[in-house]
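This is start_1.pdb. It holds PDB, C-alpha atoms.
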ATOM      1  CA  MET A 290      -8.358   0.226 -30.876
ATOM      2  CA  LEU A 291      -9.131  -1.287 -27.487
ATOM      3  CA  LYS A 292      -6.543  -3.484 -25.793
ATOM      4  CA  ARG A 293      -6.553  -5.316 -22.441
ATOM      5  CA  ILE A 294      -3.235  -5.081 -20.578
ATOM      6  CA  LYS A 295      -1.880  -5.746 -17.113
ATOM      7  CA  SER A 296      -1.989  -2.731 -14.820
ATOM      8  CA  THR A 297       1.775  -3.044 -14.334
ATOM      9  CA  HIS A 298       2.239  -2.260 -18.039
ATOM     10  CA  VAL A 299       0.539   1.141 -18.027
ATOM     11  CA  ARG A 300       2.588   4.239 -18.861
ATOM     12  CA  LEU A 301       2.263   7.970 -19.302
ATOM     13  CA  GLY A 302       0.159   8.984 -22.280
ATOM     14  CA  MET A 303      -2.118   5.943 -22.304
ATOM     15  CA  PHE A 304      -5.875   6.472 -22.411
ATOM     16  CA  ILE A 305      -7.710   4.300 -19.875
ATOM     17  CA  GLU A 306     -11.016   3.155 -21.354
ATOM     18  CA  ALA A 307     -11.958   0.963 -18.378
ATOM     19  CA  ILE A 308     -10.535  -0.411 -15.137
ATOM     20  CA  GLU A 309     -11.563  -4.026 -14.674
ATOM     21  CA  GLY A 310     -12.429  -5.760 -11.426
ATOM     22  CA  ALA A 311     -14.310  -4.833  -8.272
ATOM     23  CA  TRP A 312     -14.886  -1.114  -7.623
ATOM     24  CA  ILE A 313     -13.068  -1.280  -4.288
ATOM     25  CA  ASP A 314      -9.804  -2.050  -6.084
ATOM     26  CA  HIS A 315     -10.068   1.052  -8.295
ATOM     27  CA  PRO A 316      -7.595   3.752  -7.235
ATOM     28  CA  PHE A 317      -9.514   6.448  -9.187
ATOM     29  CA  TRP A 318     -13.111   7.586  -9.180
ATOM     30  CA  ARG A 319     -12.937   8.431 -12.892
ATOM     31  CA  ARG A 320     -13.690   5.641 -15.351
ATOM     32  CA  GLN A 321     -12.149   7.028 -18.542
ATOM     33  CA  PHE A 322      -9.129   9.321 -18.589
ATOM     34  CA  ARG A 323      -5.656   9.881 -19.988
ATOM     35  CA  LEU A 324      -2.673   9.015 -17.803
ATOM     36  CA  ASP A 325      -1.008  12.428 -17.775
ATOM     37  CA  ARG A 326       0.652  12.271 -14.355
ATOM     38  CA  ALA A 327       3.435   9.963 -13.175
ATOM     39  CA  THR A 328       1.750   9.722  -9.780
ATOM     40  CA  ASP A 329      -1.377   8.285 -11.412
ATOM     41  CA  VAL A 330       0.710   5.714 -13.287
ATOM     42  CA  GLU A 331       2.343   4.563 -10.066
ATOM     43  CA  LYS A 332      -0.995   4.577  -8.226
ATOM     44  CA  LEU A 333      -2.492   2.249 -10.823
ATOM     45  CA  LYS A 334       0.552  -0.035 -10.851
ATOM     46  CA  SER A 335       0.557  -0.393  -7.059
ATOM     47  CA  SER A 336      -3.205  -0.948  -6.764
ATOM     48  CA  ASN A 337      -5.054  -4.278  -6.543
ATOM     49  CA  VAL A 338      -6.287  -3.835 -10.121
ATOM     50  CA  SER A 339      -4.918  -6.620 -12.327
ATOM     51  CA  THR A 340      -6.046  -5.514 -15.793
ATOM     52  CA  VAL A 341      -7.173  -2.357 -17.586
ATOM     53  CA  ILE A 342      -8.453  -1.638 -21.073
ATOM     54  CA  ILE A 343      -6.628   1.065 -23.025
ATOM     55  CA  ASN A 344      -7.738   2.876 -26.172
ATOM     56  CA  THR A 345      -4.751   3.215 -28.493
ATOM     57  CA  ALA A 346      -6.712   5.566 -30.771
ATOM     58  CA  LYS A 347      -6.837   8.107 -27.957
ATOM     59  CA  GLY A 348      -3.495   7.435 -26.282
ATOM     60  CA  LEU A 349      -0.227   5.544 -26.398
ATOM     61  CA  ASP A 350       0.166   1.806 -26.894
ATOM     62  CA  VAL A 351       2.291  -0.581 -24.845
ATOM     63  CA  THR A 352       6.065  -0.210 -25.224
ATOM     64  CA  PRO A 353       9.009  -1.275 -23.083
ATOM     65  CA  PRO A 354       9.510   1.096 -20.126
ATOM     66  CA  SER A 355      12.131   3.785 -20.510
ATOM     67  CA  PRO A 356      15.259   3.806 -18.290
ATOM     68  CA  SER A 357      13.815   6.696 -16.299
ATOM     69  CA  GLU A 358      10.579   4.753 -15.696
ATOM     70  CA  ARG A 359      12.545   1.717 -14.544
ATOM     71  CA  ARG A 360      14.514   3.859 -12.103
ATOM     72  CA  ALA A 361      11.415   5.567 -10.734
ATOM     73  CA  SER A 362      10.503   4.599  -7.200
ATOM     74  CA  SER A 363       7.014   4.813  -5.756
ATOM     75  CA  SER A 364       8.283   4.986  -2.184
ATOM     76  CA  PRO A 365       8.215   8.809  -1.859
ATOM     77  CA  ARG A 366       4.693   8.895  -3.285
ATOM     78  CA  GLU A 367       3.502   6.163  -0.935
ATOM     79  CA  ASN A 368       5.047   7.982   2.017
ATOM     80  CA  ALA A 369       3.309  11.216   0.996
ATOM     81  CA  GLU A 370      -0.049   9.452   0.652
ATOM     82  CA  LEU A 371       0.364   7.800   4.045
ATOM     83  CA  LYS A 372       1.189  11.164   5.595
ATOM     84  CA  ARG A 373      -1.942  12.718   4.068
ATOM     85  CA  ALA A 374      -4.063   9.805   5.301
ATOM     86  CA  LEU A 375      -2.724  10.076   8.850
ATOM     87  CA  GLN A 376      -3.305  13.832   8.842
ATOM     88  CA  THR A 377      -6.882  13.267   7.711
ATOM     89  CA  ILE A 378      -7.461  10.821  10.560
ATOM     90  CA  GLU A 379      -6.010  13.228  13.111
ATOM     91  CA  GLN A 380      -8.106  16.103  11.746
ATOM     92  CA  THR A 381     -11.393  14.219  11.689
ATOM     93  CA  LYS A 382     -11.202  11.920  14.703
ATOM     94  CA  PRO A 383     -11.714  14.627  17.387
ATOM     95  CA  MET A 384     -14.745  15.979  15.506
ATOM     96  CA  ILE A 385     -16.324  12.548  15.246
ATOM     97  CA  ARG A 386     -15.546  11.754  18.876
ATOM     98  CA  GLU A 387     -17.351  14.921  19.990
ATOM     99  CA  MET A 388     -20.358  14.100  17.804
ATOM    100  CA  PHE A 389     -20.601  10.609  19.240
ATOM    101  CA  ASP A 390     -20.097  11.830  22.810
ATOM    102  CA  SER A 391     -22.953  14.312  22.326
ATOM    103  CA  ALA A 392     -25.129  11.490  20.988
ATOM    104  CA  ARG A 393     -24.270   9.318  23.977
ATOM    105  CA  LEU A 394     -25.322  12.089  26.373
ATOM    106  CA  GLY A 395     -28.484  12.879  24.427
ATOM    107  CA  GLY A 396     -27.317  16.374  23.495
ATOM    108  CA  ILE A 397     -27.283  18.333  20.252
ATOM    109  CA  ILE A 398     -24.952  16.762  17.677
ATOM    110  CA  PRO A 399     -22.584  19.292  16.040
ATOM    111  CA  ILE A 400     -23.434  18.452  12.426
ATOM    112  CA  SER A 401     -21.039  21.151  11.209
ATOM    113  CA  TYR A 402     -18.241  18.894  12.459
ATOM    114  CA  ALA A 403     -19.527  16.108  10.207
ATOM    115  CA  ALA A 404     -19.482  18.474   7.239
ATOM    116  CA  GLN A 405     -15.875  19.461   7.966
ATOM    117  CA  ALA A 406     -14.855  15.835   8.447
ATOM    118  CA  VAL A 407     -16.377  14.749   5.130
ATOM    119  CA  GLU A 408     -14.594  17.595   3.336
ATOM    120  CA  HIS A 409     -11.261  16.295   4.674
ATOM    121  CA  ILE A 410     -12.169  12.694   3.831
ATOM    122  CA  ALA A 411     -13.402  13.445   0.296
ATOM    123  CA  ARG A 412     -10.285  15.474  -0.447
ATOM    124  CA  CYS A 413      -8.032  12.677   0.816
ATOM    125  CA  MET A 414      -9.939  10.054  -1.187
ATOM    126  CA  SER A 415      -9.140  12.008  -4.368
ATOM    127  CA  SER A 416      -5.394  11.654  -3.829
ATOM    128  CA  SER A 417      -4.664   8.994  -1.181
ATOM    129  CA  SER A 418      -7.637   6.611  -1.178
ATOM    130  CA  LYS A 419      -5.708   3.385  -0.655
ATOM    131  CA  ALA A 420      -3.628   4.818   2.187
ATOM    132  CA  LEU A 421      -6.667   6.228   4.000
ATOM    133  CA  ILE A 422      -8.544   2.919   3.890
ATOM    134  CA  GLU A 423      -5.459   1.023   5.062
ATOM    135  CA  VAL A 424      -4.951   3.391   8.018
ATOM    136  CA  THR A 425      -8.571   3.088   9.157
ATOM    137  CA  ARG A 426      -8.215  -0.703   9.253
ATOM    138  CA  LEU A 427      -5.813  -0.297  12.203
ATOM    139  CA  LYS A 428      -8.697   0.032  14.660
ATOM    140  CA  SER A 429      -8.218  -0.446  18.383
ATOM    141  CA  LYS A 430     -11.142  -1.543  20.556
ATOM    142  CA  ASP A 431     -11.559   1.972  21.967
ATOM    143  CA  GLU A 432     -11.505   3.663  18.565
ATOM    144  CA  TYR A 433     -13.347   1.120  16.440
ATOM    145  CA  THR A 434     -16.608   3.060  16.202
ATOM    146  CA  PHE A 435     -14.881   6.326  15.282
ATOM    147  CA  LEU A 436     -12.551   4.831  12.674
ATOM    148  CA  HIS A 437     -15.298   2.614  11.276
ATOM    149  CA  SER A 438     -17.340   5.761  10.668
ATOM    150  CA  ILE A 439     -14.400   7.430   8.877
ATOM    151  CA  ALA A 440     -13.787   4.304   6.805
ATOM    152  CA  VAL A 441     -17.431   3.926   5.773
ATOM    153  CA  SER A 442     -17.569   7.614   4.867
ATOM    154  CA  ALA A 443     -14.428   7.256   2.733
ATOM    155  CA  LEU A 444     -15.682   4.089   1.044
ATOM    156  CA  THR A 445     -19.095   5.579   0.281
ATOM    157  CA  VAL A 446     -17.482   8.614  -1.355
ATOM    158  CA  HIS A 447     -15.282   6.264  -3.398
ATOM    159  CA  LEU A 448     -18.170   4.028  -4.516
ATOM    160  CA  ALA A 449     -20.461   6.978  -5.254
ATOM    161  CA  ARG A 450     -17.788   8.425  -7.537
ATOM    162  CA  ALA A 451     -17.125   5.020  -9.106
ATOM    163  CA  VAL A 452     -20.785   4.696 -10.177
ATOM    164  CA  ASP A 453     -20.744   8.232 -11.612
ATOM    165  CA  LEU A 454     -22.861  10.027  -9.022
ATOM    166  CA  ASN A 455     -22.138  13.751  -9.034
ATOM    167  CA  GLU A 456     -19.797  15.226  -6.460
ATOM    168  CA  GLU A 457     -22.582  16.840  -4.434
ATOM    169  CA  THR A 458     -24.337  13.492  -4.075
ATOM    170  CA  ALA A 459     -21.052  11.726  -3.265
ATOM    171  CA  TYR A 460     -20.461  14.272  -0.499
ATOM    172  CA  ASP A 461     -24.001  13.757   0.865
ATOM    173  CA  VAL A 462     -23.581   9.969   0.823
ATOM    174  CA  GLY A 463     -20.245  10.426   2.611
ATOM    175  CA  MET A 464     -22.029  12.394   5.335
ATOM    176  CA  GLY A 465     -24.509   9.549   5.682
ATOM    177  CA  GLY A 466     -21.668   7.065   5.960
ATOM    178  CA  LEU A 467     -20.097   9.141   8.706
ATOM    179  CA  LEU A 468     -23.331   9.314  10.707
ATOM    180  CA  HIS A 469     -24.806   5.890   9.945
ATOM    181  CA  ASP A 470     -23.898   4.253  13.271
ATOM    182  CA  ILE A 471     -24.400   7.213  15.596
ATOM    183  CA  GLY A 472     -27.363   5.412  17.151
ATOM    184  CA  LYS A 473     -24.971   2.841  18.621
ATOM    185  CA  MET A 474     -24.108   5.440  21.233
ATOM    186  CA  ARG A 475     -27.487   4.620  22.825
ATOM    187  CA  ILE A 476     -26.668   0.896  23.068
ATOM    188  CA  PRO A 477     -25.170  -0.341  26.390
ATOM    189  CA  PRO A 478     -21.349  -0.528  25.995
ATOM    190  CA  LYS A 479     -21.228  -4.039  27.465
ATOM    191  CA  VAL A 480     -23.465  -5.198  24.603
ATOM    192  CA  LEU A 481     -21.721  -3.157  21.928
ATOM    193  CA  ASN A 482     -18.236  -4.332  22.959
ATOM    194  CA  LYS A 483     -19.066  -7.968  23.722
ATOM    195  CA  THR A 484     -16.445 -10.270  22.218
ATOM    196  CA  GLY A 485     -18.619 -13.373  22.061
ATOM    197  CA  PRO A 486     -21.879 -14.079  20.209
ATOM    198  CA  LEU A 487     -24.843 -11.922  21.180
ATOM    199  CA  ASP A 488     -27.908 -13.613  22.661
ATOM    200  CA  GLU A 489     -31.389 -12.850  21.368
ATOM    201  CA  ARG A 490     -32.023 -10.012  23.851
ATOM    202  CA  GLU A 491     -28.674  -8.373  23.084
ATOM    203  CA  MET A 492     -29.234  -8.668  19.349
ATOM    204  CA  SER A 493     -32.626  -7.013  19.681
ATOM    205  CA  LEU A 494     -30.949  -4.098  21.478
ATOM    206  CA  VAL A 495     -28.303  -3.732  18.749
ATOM    207  CA  ARG A 496     -30.991  -3.765  16.059
ATOM    208  CA  LEU A 497     -32.467  -0.640  17.618
ATOM    209  CA  HIS A 498     -29.438   1.478  16.678
ATOM    210  CA  PRO A 499     -30.762   2.637  13.270
ATOM    211  CA  SER A 500     -33.946   3.931  14.918
ATOM    212  CA  HIS A 501     -31.981   5.520  17.762
ATOM    213  CA  GLY A 502     -29.712   7.251  15.259
ATOM    214  CA  TYR A 503     -32.617   8.463  13.146
ATOM    215  CA  GLN A 504     -34.358   9.916  16.195
ATOM    216  CA  LEU A 505     -31.158  11.687  17.256
ATOM    217  CA  LEU A 506     -30.634  13.201  13.810
ATOM    218  CA  VAL A 507     -34.197  14.072  12.833
ATOM    219  CA  ARG A 508     -34.661  16.368  15.827
ATOM    220  CA  GLN A 509     -31.628  18.394  14.722
ATOM    221  CA  GLY A 510     -33.431  19.947  11.775
ATOM    222  CA  ASP A 511     -30.189  20.422   9.799
ATOM    223  CA  VAL A 512     -29.654  16.872   8.523
ATOM    224  CA  SER A 513     -30.455  16.023   4.895
ATOM    225  CA  SER A 514     -33.056  13.438   3.895
ATOM    226  CA  VAL A 515     -30.258  11.344   2.346
ATOM    227  CA  ASN A 516     -28.397  11.232   5.669
ATOM    228  CA  LEU A 517     -31.568  10.297   7.554
ATOM    229  CA  ASP A 518     -32.368   7.611   4.983
ATOM    230  CA  ILE A 519     -28.902   6.057   5.324
ATOM    231  CA  CYS A 520     -28.975   6.166   9.115
ATOM    232  CA  LEU A 521     -32.367   4.467   9.376
ATOM    233  CA  HIS A 522     -32.096   1.942   6.550
ATOM    234  CA  HIS A 523     -28.453   0.853   6.172
ATOM    235  CA  HIS A 524     -29.335  -2.629   7.502
ATOM    236  CA  GLU A 525     -32.160  -3.204   5.028
ATOM    237  CA  ARG A 526     -31.687  -5.914   2.388
ATOM    238  CA  ILE A 527     -32.699  -6.076  -1.260
ATOM    239  CA  ASP A 528     -34.713  -9.253  -0.529
ATOM    240  CA  GLY A 529     -36.674  -7.590   2.288
ATOM    241  CA  ARG A 530     -35.110  -9.545   5.143
ATOM    242  CA  GLY A 531     -33.320  -6.591   6.735
ATOM    243  CA  TYR A 532     -34.344  -4.216   9.499
ATOM    244  CA  PRO A 533     -35.902  -2.076  10.909
ATOM    245  CA  LYS A 534     -38.691  -1.863   8.281
ATOM    246  CA  GLY A 535     -38.077  -4.830   5.998
ATOM    247  CA  LEU A 536     -37.788  -2.676   2.880
ATOM    248  CA  SER A 537     -37.009  -4.426  -0.400
ATOM    249  CA  GLY A 538     -35.990  -3.738  -3.997
ATOM    250  CA  GLU A 539     -36.728  -0.237  -5.251
ATOM    251  CA  GLU A 540     -37.883   0.841  -1.783
ATOM    252  CA  ILE A 541     -34.175   1.037  -0.893
ATOM    253  CA  SER A 542     -32.456   4.114  -2.326
ATOM    254  CA  ILE A 543     -29.110   4.076  -4.135
ATOM    255  CA  PRO A 544     -27.366   6.014  -1.292
ATOM    256  CA  VAL A 545     -28.602   3.415   1.205
ATOM    257  CA  ARG A 546     -27.463   0.547  -1.036
ATOM    258  CA  ILE A 547     -24.024   2.140  -1.291
ATOM    259  CA  SER A 548     -23.731   2.647   2.470
ATOM    260  CA  SER A 549     -24.865  -0.924   3.188
ATOM    261  CA  ILE A 550     -22.125  -2.325   0.959
ATOM    262  CA  CYS A 551     -19.434  -0.103   2.484
ATOM    263  CA  ASP A 552     -20.555  -0.782   6.070
ATOM    264  CA  VAL A 553     -20.268  -4.559   5.661
ATOM    265  CA  TYR A 554     -17.084  -4.375   3.593
ATOM    266  CA  ASP A 555     -15.262  -2.353   6.263
ATOM    267  CA  ALA A 556     -16.511  -4.649   9.033
ATOM    268  CA  LEU A 557     -15.250  -7.728   7.175
ATOM    269  CA  THR A 558     -11.811  -6.251   6.419
ATOM    270  CA  SER A 559     -11.237  -4.971   9.984
ATOM    271  CA  VAL A 560      -9.699  -6.808  12.921
ATOM    272  CA  ARG A 561     -12.119  -7.361  15.800
ATOM    273  CA  ALA A 562     -11.664  -9.099  19.142
ATOM    274  CA  TYR A 563     -13.690 -12.049  17.849
ATOM    275  CA  LYS A 564     -12.300 -12.338  14.306
ATOM    276  CA  LYS A 565      -9.353 -11.717  12.000
ATOM    277  CA  ALA A 566      -9.508  -9.223   9.170
ATOM    278  CA  TRP A 567     -10.508 -10.627   5.804
ATOM    279  CA  SER A 568      -8.549  -9.674   2.708
ATOM    280  CA  PRO A 569     -10.321  -7.206   0.376
ATOM    281  CA  ARG A 570     -10.675  -9.900  -2.284
ATOM    282  CA  ASP A 571     -12.147 -12.450   0.142
ATOM    283  CA  ALA A 572     -14.567  -9.844   1.497
ATOM    284  CA  ALA A 573     -15.690  -8.840  -2.007
ATOM    285  CA  ARG A 574     -16.093 -12.484  -3.035
ATOM    286  CA  PHE A 575     -18.134 -13.285   0.090
ATOM    287  CA  MET A 576     -20.419 -10.281  -0.455
ATOM    288  CA  LEU A 577     -21.040 -11.250  -4.074
ATOM    289  CA  GLU A 578     -22.163 -14.681  -2.851
ATOM    290  CA  GLN A 579     -24.787 -13.237  -0.469
ATOM    291  CA  GLU A 580     -27.923 -13.497  -2.585
ATOM    292  CA  GLY A 581     -30.545 -10.901  -1.762
ATOM    293  CA  GLN A 582     -28.476  -8.810   0.635
ATOM    294  CA  PHE A 583     -26.770  -6.260  -1.615
ATOM    295  CA  ASP A 584     -27.344  -4.579  -4.950
ATOM    296  CA  GLN A 585     -25.137  -6.837  -7.079
ATOM    297  CA  ARG A 586     -24.802  -4.197  -9.816
ATOM    298  CA  LEU A 587     -23.059  -1.862  -7.389
ATOM    299  CA  LEU A 588     -20.750  -4.621  -6.173
ATOM    300  CA  MET A 589     -19.426  -5.493  -9.629
TER
END
Can you present the structure in this file as structure tokens?
Amino acid sequence: MLKRIKSTHVRLGMFIEAIEGAWIDHPFWRRQFRLDRATDVEKLKSSNVSTVIINTAKGLDVTPPSPSERRASSSPRENAELKRALQTIEQTKPMIREMFDSARLGGIIPISYAAQAVEHIARCMSSSSKALIEVTRLKSKDEYTFLHSIAVSALTVHLARAVDLNEETAYDVGMGGLLHDIGKMRIPPKVLNKTGPLDEREMSLVRLHPSHGYQLLVRQGDVSSVNLDICLHHHERIDGRGYPKGLSGEEISIPVRISSICDVYDALTSVRAYKKAWSPRDAARFMLEQEGQFDQRLLM
């Protein structure tokens, strides 16, 4: 028997048939599973998910919480997740900085660093997804590009898992998310860091970054076609009004569609010199309203 309940009412032994709401609110990449761990119960209760559907034929039904459940505190778990997220940032940030510095100087990009970084990120997203995304939102002006790359990588891994892509593909999409903006290292810093609106000439320079990034990566010879596709096409739109090639519909691959969603979502939910951070719900709502820009099926 299927039953819709509030996420705050879940308990050990329940079988989760579905988690309702936007994918970004989901604390797990699995769609159907039994709640066998107390940490997973607390993760679901503390998430932005409001309702879930349980299957009482496969797991427990709703009952009043036991005294031990009422006494349980999620604070130690949250502290542990935050610690893991901070460690992941500290492990990956120097690697990404070196990759971007090499790109800025026109040198060979150490792609092995990207592979190591994505391994750390994917592992952290399996256990501390919410904490990692929250930490990357604390971007300073000097570290925005690096932390944006980590955040997009983390979000792409999360969304790829949420739509049931296999782990190898999720990893590859995460690599693409990490490298998607590397071409911005060839854009003049005064344009890239401008706090006010860009004029037409400046905007044309910024719109060259996908091509710059593609050219940097393609000459390496050790970058996958998925990564190259994401780098070159993450600003394309479903309706054909994107750049640099004006691709539309089925011409845009699923990995690119995923990276486009995650790129914009992180930008909207981050503080910048010229804007405040949007809440996750407001960002998701705004993106759903943008007809023709994103694959709406992936956003739901």
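The space separating CA of Leu333 (chain A) from CA of Ile547 (chain A) comes to 23.5 Å.
Picked by the PyMOL selection byres ((chain A and resi 532) around 12) from the coordinates shown: Met492, Ser493, Val495, Arg496, Leu497, His498, Pro499, Ser500, Cys520, Leu521, His522, His523, His524, Glu525, Arg526, Ile527, Asp528, Gly529, Arg530, Gly531, Pro533, Lys534, Gly535, Leu536, Ser537, Ile541, Ser549 and Gln582 of chain A.
You can rank A:His447, A:Arg326, A:Arg508, A:Lys332 by their closest distance to Ile410 (chain A) using all atoms listed in the file, and at the top of that list sits A:His447.
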Q: Determine the nearest neighbour of Ile378 (chain A) from the options A:Ser438, A:Thr484, A:Ser416, A:Thr425, counting only C-alpha atoms.
A: A:Thr425
For the point (4.4, 9.4, -21.4) in file coordinates, what residues are within 9 Å, counting all atoms listed in the file? Give the answer as a compact mmCIF listing (two decimals) with C-alpha atoms, in the frame of the given file?
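Ended up saving to part.txt:
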# COMPACT_ATOMS: atom_id res chain seq x y z
CA ARG A 300 2.59 4.24 -18.86
CA LEU A 301 2.26 7.97 -19.30
CA GLY A 302 0.16 8.98 -22.28
CA MET A 303 -2.12 5.94 -22.30
CA LEU A 324 -2.67 9.02 -17.80
CA ASP A 325 -1.01 12.43 -17.77
CA ARG A 326 0.65 12.27 -14.36
CA ALA A 327 3.44 9.96 -13.18
CA LEU A 349 -0.23 5.54 -26.40
Q: Give the answer as one residue: which of A:Gly472, A:Pro478, A:Pro383, A:Gly463 has the shortest atom-to-atom distance to Glu408 (chain A), using only C-alpha atoms?
A: A:Gly463
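Between CA of Ser339 (chain A) and CA of Met589 (chain A) the separation is 14.8 Å.
Going from CA of Lys347 (chain A) to CA of Lys419 (chain A) covers 27.7 Å.
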Q) If you apply the PyMOL selection byres ((chain A and resi 584) around 9) to this file, what residues do you get, as a ChimeraX atom specification? A) /A:526-527,538,543,546-547,550,581-583,585-588
I need the output of the PyMOL selection byres ((chain A and resi 554) around 12) for this file as a JSON list (two decimals) with C-alpha atoms, in the coordinates of the input; which residues are they?
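selection-v9.json, written as the output of this step:
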[["chain", "number", "residue", "atom", "x", "y", "z"],
["A", 312, "TRP", "CA", -14.89, -1.11, -7.62],
["A", 313, "ILE", "CA", -13.07, -1.28, -4.29],
["A", 422, "ILE", "CA", -8.54, 2.92, 3.89],
["A", 426, "ARG", "CA", -8.22, -0.70, 9.25],
["A", 437, "HIS", "CA", -15.30, 2.61, 11.28],
["A", 440, "ALA", "CA", -13.79, 4.30, 6.80],
["A", 441, "VAL", "CA", -17.43, 3.93, 5.77],
["A", 443, "ALA", "CA", -14.43, 7.26, 2.73],
["A", 444, "LEU", "CA", -15.68, 4.09, 1.04],
["A", 445, "THR", "CA", -19.10, 5.58, 0.28],
["A", 448, "LEU", "CA", -18.17, 4.03, -4.52],
["A", 547, "ILE", "CA", -24.02, 2.14, -1.29],
["A", 548, "SER", "CA", -23.73, 2.65, 2.47],
["A", 549, "SER", "CA", -24.86, -0.92, 3.19],
["A", 550, "ILE", "CA", -22.12, -2.33, 0.96],
["A", 551, "CYS", "CA", -19.43, -0.10, 2.48],
["A", 552, "ASP", "CA", -20.56, -0.78, 6.07],
["A", 553, "VAL", "CA", -20.27, -4.56, 5.66],
["A", 555, "ASP", "CA", -15.26, -2.35, 6.26],
["A", 556, "ALA", "CA", -16.51, -4.65, 9.03],
["A", 557, "LEU", "CA", -15.25, -7.73, 7.18],
["A", 558, "THR", "CA", -11.81, -6.25, 6.42],
["A", 559, "SER", "CA", -11.24, -4.97, 9.98],
["A", 566, "ALA", "CA", -9.51, -9.22, 9.17],
["A", 567, "TRP", "CA", -10.51, -10.63, 5.80],
["A", 568, "SER", "CA", -8.55, -9.67, 2.71],
["A", 569, "PRO", "CA", -10.32, -7.21, 0.38],
["A", 570, "ARG", "CA", -10.68, -9.90, -2.28],
["A", 571, "ASP", "CA", -12.15, -12.45, 0.14],
["A", 572, "ALA", "CA", -14.57, -9.84, 1.50],
["A", 573, "ALA", "CA", -15.69, -8.84, -2.01],
["A", 574, "ARG", "CA", -16.09, -12.48, -3.04],
["A", 575, "PHE", "CA", -18.13, -13.28, 0.09],
["A", 576, "MET", "CA", -20.42, -10.28, -0.46],
["A", 577, "LEU", "CA", -21.04, -11.25, -4.07],
["A", 583, "PHE", "CA", -26.77, -6.26, -1.62],
["A", 588, "LEU", "CA", -20.75, -4.62, -6.17]]
Q) When distances are computed from all atoms listed in the file, which of A:Leu375, A:Met388, A:Ile439, A:Ala459 shows the smallest separation from Val424 (chain A)? A) A:Leu375
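Between Asn337 (chain A) and the residues A:His315, A:Lys372, A:Lys382, A:Arg293, the shortest atom-to-atom distance, using all atoms listed in the file, involves A:His315.
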